[in-house]
Amino acid sequence: MKKDRKNGKVGILLGLLFALCDAVASYFSSGCLYKLFTSHNEARERFDSSAAVTIYRKVRRSSRRFWGGVRKWLSSQFERSVVLTTLSSLVRNLLCLPGRAIGAFTITWSAYVLLISFVKMFVLLDSTASWTNIICGAVVFLASIPLMLADKSIITLCTESPLVNGLLTRVFGVPAESLKRVEALYIGQSGAVILGIIFGLLTYVIPPTYMVISVFAIIVVALVMTYPEGGVVISFAIAPLLGVISAPSITLAAIVLLTAFAYFIKVVRGKRVFKFGITEFAFLGFALAMLLGGFAPGEANTFENALLSVALMLIFPMTVNLMKYKRWIKTCVFAFIIPAGVVAFIGIVQYSLGMAPSGWIDEALFDGITSRAVSVFNNPNILGLYLSVSFPMLLLVFYHKSPKVKILGGIAASFVIVCVAFTYSRSAWLSLLCGGIAFAVMASPRGILWLIPSAGAAVLAYVAFPNSIGARLANFATLADSANSYRMAVWNSSWNMLPELLFGGVGLGEEAFRTAYINYAAAGTQSVAHSHNLYMQIVIQLGLVGLLMFLILLFVIFRKCFSAPVSASGKEISLTSRAALSGAIALLAAGFFDYTWYNFRVFFLFWALLGLACAATNLYENDNCEDIVSECDENSYWLTVKIPKAKDRYEGEREDAQNE
C-alpha cells in the first residue's frame with residue numbers, strides 16, 4: 001500500500017511538472033516572440049517580391065538566352081576537353097584492370113620499398129631512412145597478396161566490398177548503376193611489374209608514404225570533382241581529426257575550396273543548382289564583412305586570416321545547396337557523430353593512462369587536477385568546445401529506428417560526457433549543458449525537465465570528486481581563480497577599446513588584435529591573443545556593423561529553422577535541424593566566456609552546423625517540393641528524394657535527381 005501511495009505521489013508530481021511545461025509552451029506559442037521566430041515564410045515571400053529581386057529576375061530573363069548559350073558552350077568545351085577525356089579514359093581503364101594486375105604492381109613496388117629502406121638504414125646508414133617507410137612497404141605488401149589472387153576487375157571488387165562500396169555510394173553518392181556500367185571496358189595487365197619496379201626505384205629519392213598519400217589524394221580529388229557532395233561529407237568527418245598533421249586549417253580550407261570549385265563547375269554545366277534567398281543574402285553580407293576585415297592597414301596577416309575564414313565559411317552555402325536529399329542529411333549526421341566518439345575515446349584513454357599534458361590549471365587552487373585531456377587538439381578548452389558542439393548531434397541518434405544505432409550512439413554520447421569532464425573546461429561544461437537542454441526543449445516542450453537530472457548529476461559530481469570537478473565548480477565565478485581574474489582583466493581592457501572601434505575594426509588575426517590591444521592592456525595581459533569573448537571580438541575585428549550583420553544572419557537562420565514543424569515529414573530528419581541548431585547554440589553560449597572562433601576547425605564546424613540545420617529545414621518546405629520515388633533498387637541507402645515544383649527557379653534539379 002505504501003508503495004502504491006509513493007508511486008501515486010510521483011505520478012502526481014510528474015503530471016504537475018508536465019502541465020507546467022505545457023502551459024509555458026502554450027504561453028510562448030501565442031506570444032510575439034514566437035511569431036517573430038516562426039515568420040520565415042512571410043519574410044521569404046516579401047523578399048521574393050521585393051523590388052531588387054524583381055529587377056534581378058527581369059534582368060535574368062532578358063539575358064537568359066545569352067547566359068544559357070555561354071553555359072552551353074562552356075559545358076561542351078569542358079566535356080570535349082582533351083584533359084577530361086584522357087583522365088576519364090584512364091580512370092575507366094584502371095578500374096577495369098583485373099585485381100591481379102594491380103596486385104602485381106603494388107607487390108613489386110612494396111618489395112622494392114622494403115629492399116631500398118633496409119639498404120639505406122642498415123648498409124648505407126642513411127639518416128633519411130625511417131621505420132615509417134618500412135611499415136608502409138610492409139602494409140602495402142600484405143594488402144597486395146589478396147589482390148594477386150583476384151581475377152575480378154577492380155570495379156567489381158569495389159562493388160563487392162561492403163566498406164569500399166559504402167564509401168563510394170554513401171559518402172560520395174556514386175550511383176550503383178554507374179559502377180556496373182564500367183565493367184564493359186576490360187583491359188589486360190601488361191606492364192604492371194615493370195611499372196612497379198620503376199616506381200619502387202623512385203622511392204630512393206621520394207618517400208613511399210608520399211606516394212601512397214598522393215594516390216589516395218588523387219582518388220579523393222577525382223571523386224570530389226565528380227560528386228561535390230562527397231567533399232562536404234569528407235570535410236565534416238575529418239575536420240576534428242586534422243590535428244595530427246602540421247597544417248590542419250590550411251588542409252581543411254583546401255578541401256572546402258576544392259569542393260566549392262567542383263560545385264561551381266557542376267552549376268556551370270547545369271548538373272547542380274544554386275538557390276539564392278534571404279538566408280544566402282544575409283550570409284553574403286557577413287561574409288563580405290569578414291573579407292573586408294582583411295584589408296586593415298599595417299598588418300600583414302589580416303588578409304590571410306580573412307581569406308582562410310571566408311574559405312571555411314563556404315561550407316555553409318554548399319551544405320545548404322548540396323545536401324538536398326534525405327540520404328545526404330543522414331550521412332552528414334553520421335559524419336559528425338562518428339569522429340566525435342573517436343575523439344572522445346582518444347581523450348579518455350589519454351587521460352586515463354596519464355598521457356595528457358600538465359598545465360592549463362591554477363595549481364594553487366586545483367592541486368587535485370594534475371592534467372587535462374586534449375585528445376587530437378592542443379588545447380583542453382578547444383577539445384571541450386568541439387565535443388559540446390557535437391553532443392546534440394549524438395542525442396539525435398536516440399530517435400533512430402535501429403536499436404544498434406541507438407546503443408552505439410549512447411556509448412559515443414557517454415564517451416563525450418566523460419571526456420568533456422576530463423577537460424576540466426568550465427565553459428565546455430556550460431556549453432554541453434546549453435546544447436543538450438536546447439535540443440531537449442526543441443524536441444519537446446517538456447525537455448526543460450532535463451534540468452533536474454542535470455542538476456542532480458552536477459551535485460553528484462561535486463560530492464564524488466571534491467578535489468577536481470567539485471573544486472572547479474566551486475570556483476566557477478570566483479576571482480581567486482587566476483584564470484577568472486585574468487579573463488576579467490582582459491574583458492575590461494577589451495571593453496575600453498570598443499568606443500574607438502565601433503565604426504571600423506582592427507582586422508582579423510592575432511597580430512592585428514595585439515597591435516591595438518597593447519595600448520589598453522592591463523598589467524600581465526599584454527600578450528593575450530584575443531578578448532576571450534566572441535561578440536566583443538567581432539566588434540573589435542569588424543566594428544559594430546560586423547556584429548549587427550552576424551546577429552541578423554543568426555536571426556534569419558533561427559527563424560528559418562523554427563518555421564519548420566518538428567513532425568513535418570518524419571521526426572528523425574526534422575529534428576536534425578534542431579540538433580544542428582543546438583550545437584550552434586552551445587558554441588554561442590560558450591562565446592560569452594571565450595573567443596570560440598579562435599580555432600579554425602571549431603569555426604568551420606559552427607558554419608557546417610548552421611548549413612546542415614538550413615539544409616534539413618529545406619527538405620520540409622512542402623510548398624515548393626513534391627515527393628518522387630527514386631529509381632534506385634530497394635536495397636539502396638535512400639528511397640525518396642525531393643523535387644521542386646517551380647521549374648523556372650530550380651531548373652536542372654529534376655534532371656540531376658534522375659541521373660543519381
# chains A, B, ... in the order shown; residues from 1 in each chain; ligands from 1

$ residues_around --residues "Thr108 of chain A" --least-positions-apart "5" --cutoff "7 Å" --atoms "only C-alpha atoms" --output "number ranges by chain"
A: 193, 196-197

$ residues_around --residues "Asn492 of chain A" --least-positions-apart "4" --cutoff "10 Å" --atoms "only C-alpha atoms" --output "VMD selection string"
chain A and resid 487 to 488 496 to 497 520 to 522 531

$ residues_around --residues "Ile329 of chain A" --least-positions-apart "5" --cutoff "10 Å" --atoms "only C-alpha atoms" --output "ChimeraX atom specification"
/A:233,319,322-324,334-335,573,576-577,612-613,615-616,619

$ closest_atom_pairs --of "segment 184-298 of chain A" --to "segment 387-393 of chain A" --cutoff "12 Å" --atoms "only C-alpha atoms" --output "Markdown table"
| residue | atom | partner | partner_atom | distance |
| --- | --- | --- | --- | --- |
| A:Phe236 | CA | A:Ser390 | CA | 11.2 |
| A:Ala237 | CA | A:Ser390 | CA | 11.7 |
| A:Pro240 | CA | A:Leu387 | CA | 9.7 |

$ closest_atom_pairs --of "segment 345-399 of chain A" --to "segment 423-426 of chain A" --cutoff "6 Å" --atoms "only C-alpha atoms" --output "Markdown table"
| residue | atom | partner | partner_atom | distance |
| --- | --- | --- | --- | --- |
| A:Arg372 | CA | A:Thr423 | CA | 4.9 |
| A:Ala373 | CA | A:Thr423 | CA | 4.9 |
| A:Pro380 | CA | A:Thr423 | CA | 5.2 |
| A:Asn381 | CA | A:Ser425 | CA | 5.5 |

$ closest_residue --among "A:Ala455, A:Leu74, A:Val397, A:Leu307" --to "Val267 of chain A" --atoms "only C-alpha atoms"
A:Leu74

$ atom_distance --atom1 "atom CA of Lys401 of chain A" --atom2 "atom CA of Thr331 of chain A"
15.3 Å

$ closest_residue --among "A:Leu498, A:Met290, A:Ile540, A:Leu167" --to "Phe513 of chain A" --atoms "only C-alpha atoms"
A:Ile540

$ closest_residue --among "A:Pro207, A:Gly505, A:Pro228, A:Gly243" --to "Val545 of chain A" --atoms "only C-alpha atoms"
A:Gly505

$ residues_around --residues "Leu258 of chain A" --least-positions-apart "3" --cutoff "9 Å" --atoms "only C-alpha atoms" --output "VMD selection string"
chain A and resid 221 224 to 225 228 231 253 to 255 261 to 263

$ residues_around --residues "Leu312 of chain A" --least-positions-apart "5" --cutoff "8 Å" --atoms "only C-alpha atoms" --output "PDB file with N, CA and C atoms, in the first residue's frame"
ATOM      1  N   LEU A 252      42.100  21.806 -44.343  1.00  0.00           N
ATOM      2  CA  LEU A 252      40.640  21.846 -44.345  1.00  0.00           C
ATOM      3  C   LEU A 252      40.126  22.880 -45.335  1.00  0.00           C
ATOM      4  N   ALA A 253      40.760  24.046 -45.381  1.00  0.00           N
ATOM      5  CA  ALA A 253      40.348  25.076 -46.341  1.00  0.00           C
ATOM      6  C   ALA A 253      40.554  24.608 -47.772  1.00  0.00           C
ATOM      7  N   VAL A 256      37.656  22.377 -48.693  1.00  0.00           N
ATOM      8  CA  VAL A 256      36.441  23.171 -48.909  1.00  0.00           C
ATOM      9  C   VAL A 256      36.509  23.900 -50.245  1.00  0.00           C
ATOM     10  N   PHE A 603      35.592  26.885 -35.750  1.00  0.00           N
ATOM     11  CA  PHE A 603      34.932  27.901 -36.570  1.00  0.00           C
ATOM     12  C   PHE A 603      34.251  27.266 -37.780  1.00  0.00           C
ATOM     13  N   PHE A 604      34.930  26.329 -38.416  1.00  0.00           N
ATOM     14  CA  PHE A 604      34.363  25.619 -39.567  1.00  0.00           C
ATOM     15  C   PHE A 604      33.126  24.816 -39.161  1.00  0.00           C
TER      16      PHE A 604
END

$ select_by_dssp --residues "segment 114-283 of chain A" --states "helix (DSSP H, G or I)" --output "NGL selection string"
:A and (114-123 or 131-148 or 154-160 or 162-171 or 176-184 or 192-202 or 208-226 or 228-244 or 248-268 or 278-283)

$ closest_residue --among "A:Phe336, A:Phe274, A:Phe422, A:Trp109" --to "Gly354 of chain A" --atoms "only C-alpha atoms"
A:Phe422

$ atom_distance --atom1 "atom CA of Cys158 of chain A" --atom2 "atom CA of Lys404 of chain A"
25.7 Å

$ atom_distance --atom1 "atom CA of Ile448 of chain A" --atom2 "atom CA of Leu575 of chain A"
16.5 Å

$ closest_residue --among "A:Val70, A:Leu542, A:Leu314, A:Ala344" --to "Gly270 of chain A" --atoms "only C-alpha atoms"
A:Val70

$ residues_around --residues "Arg578 of chain A" --least-positions-apart "2" --cutoff "12 Å" --atoms "only C-alpha atoms" --output "PyMOL selection string"
chain A and resi 392-393+395-396+435-444+557-567+571-576+580-585+609-617

$ closest_residue --among "A:Ala287, A:Ala413, A:Cys434, A:Ile518" --to "Gly591 of chain A" --atoms "only C-alpha atoms"
A:Cys434

$ residues_around --residues "Phe283 of chain A" --least-positions-apart "4" --cutoff "10 Å" --atoms "only C-alpha atoms" --output "list in words"
Gly277, Ile278, Thr279, Ala287, Leu288, Ala289, Met313, Leu314, Phe316, Pro317, Met549, Phe550, Ile552, Leu553, Leu554, Val556 and Ile557 of chain A

$ write_last_selection --atoms "N, CA and C atoms" --output "PDB file, in the first residue's frame"
ATOM      1  N   GLY A 277      18.435  32.997 -51.658  1.00  0.00           N
ATOM      2  CA  GLY A 277      17.280  33.542 -50.966  1.00  0.00           C
ATOM      3  C   GLY A 277      17.698  34.471 -49.862  1.00  0.00           C
ATOM      4  N   ILE A 278      16.789  34.703 -48.932  1.00  0.00           N
ATOM      5  CA  ILE A 278      17.052  35.656 -47.868  1.00  0.00           C
ATOM      6  C   ILE A 278      18.168  35.173 -46.947  1.00  0.00           C
ATOM      7  N   THR A 279      18.263  33.853 -46.736  1.00  0.00           N
ATOM      8  CA  THR A 279      19.331  33.318 -45.888  1.00  0.00           C
ATOM      9  C   THR A 279      20.691  33.500 -46.547  1.00  0.00           C
ATOM     10  N   ALA A 287      29.775  37.483 -44.854  1.00  0.00           N
ATOM     11  CA  ALA A 287      31.000  37.004 -45.499  1.00  0.00           C
ATOM     12  C   ALA A 287      31.789  38.162 -46.097  1.00  0.00           C
ATOM     13  N   LEU A 288      31.102  39.125 -46.699  1.00  0.00           N
ATOM     14  CA  LEU A 288      31.780  40.311 -47.226  1.00  0.00           C
ATOM     15  C   LEU A 288      32.398  41.126 -46.103  1.00  0.00           C
ATOM     16  N   ALA A 289      31.711  41.208 -44.972  1.00  0.00           N
ATOM     17  CA  ALA A 289      32.277  41.919 -43.827  1.00  0.00           C
ATOM     18  C   ALA A 289      33.553  41.240 -43.345  1.00  0.00           C
ATOM     19  N   MET A 313      34.063  29.365 -44.358  1.00  0.00           N
ATOM     20  CA  MET A 313      32.638  29.708 -44.281  1.00  0.00           C
ATOM     21  C   MET A 313      31.859  29.220 -45.495  1.00  0.00           C
ATOM     22  N   LEU A 314      32.543  28.947 -46.593  1.00  0.00           N
ATOM     23  CA  LEU A 314      31.846  28.469 -47.793  1.00  0.00           C
ATOM     24  C   LEU A 314      31.138  27.139 -47.575  1.00  0.00           C
ATOM     25  N   PHE A 316      28.941  26.620 -45.518  1.00  0.00           N
ATOM     26  CA  PHE A 316      27.527  26.909 -45.252  1.00  0.00           C
ATOM     27  C   PHE A 316      26.684  26.883 -46.528  1.00  0.00           C
ATOM     28  N   PRO A 317      26.971  27.713 -47.546  1.00  0.00           N
ATOM     29  CA  PRO A 317      26.120  27.659 -48.744  1.00  0.00           C
ATOM     30  C   PRO A 317      26.217  26.341 -49.485  1.00  0.00           C
ATOM     31  N   MET A 549      25.547  42.503 -38.504  1.00  0.00           N
ATOM     32  CA  MET A 549      25.315  41.602 -39.631  1.00  0.00           C
ATOM     33  C   MET A 549      25.352  40.147 -39.184  1.00  0.00           C
ATOM     34  N   PHE A 550      26.218  39.825 -38.238  1.00  0.00           N
ATOM     35  CA  PHE A 550      26.271  38.463 -37.705  1.00  0.00           C
ATOM     36  C   PHE A 550      24.985  38.126 -36.957  1.00  0.00           C
ATOM     37  N   ILE A 552      22.055  39.509 -37.381  1.00  0.00           N
ATOM     38  CA  ILE A 552      20.962  39.415 -38.367  1.00  0.00           C
ATOM     39  C   ILE A 552      20.987  38.061 -39.056  1.00  0.00           C
ATOM     40  N   LEU A 553      22.170  37.587 -39.414  1.00  0.00           N
ATOM     41  CA  LEU A 553      22.293  36.266 -40.044  1.00  0.00           C
ATOM     42  C   LEU A 553      21.791  35.171 -39.110  1.00  0.00           C
ATOM     43  N   LEU A 554      22.174  35.243 -37.832  1.00  0.00           N
ATOM     44  CA  LEU A 554      21.692  34.257 -36.872  1.00  0.00           C
ATOM     45  C   LEU A 554      20.175  34.303 -36.748  1.00  0.00           C
ATOM     46  N   VAL A 556      17.999  35.274 -39.003  1.00  0.00           N
ATOM     47  CA  VAL A 556      17.394  34.724 -40.218  1.00  0.00           C
ATOM     48  C   VAL A 556      17.455  33.199 -40.209  1.00  0.00           C
ATOM     49  N   ILE A 557      18.593  32.651 -39.807  1.00  0.00           N
ATOM     50  CA  ILE A 557      18.750  31.193 -39.781  1.00  0.00           C
ATOM     51  C   ILE A 557      17.845  30.572 -38.724  1.00  0.00           C
TER      52      ILE A 557
END
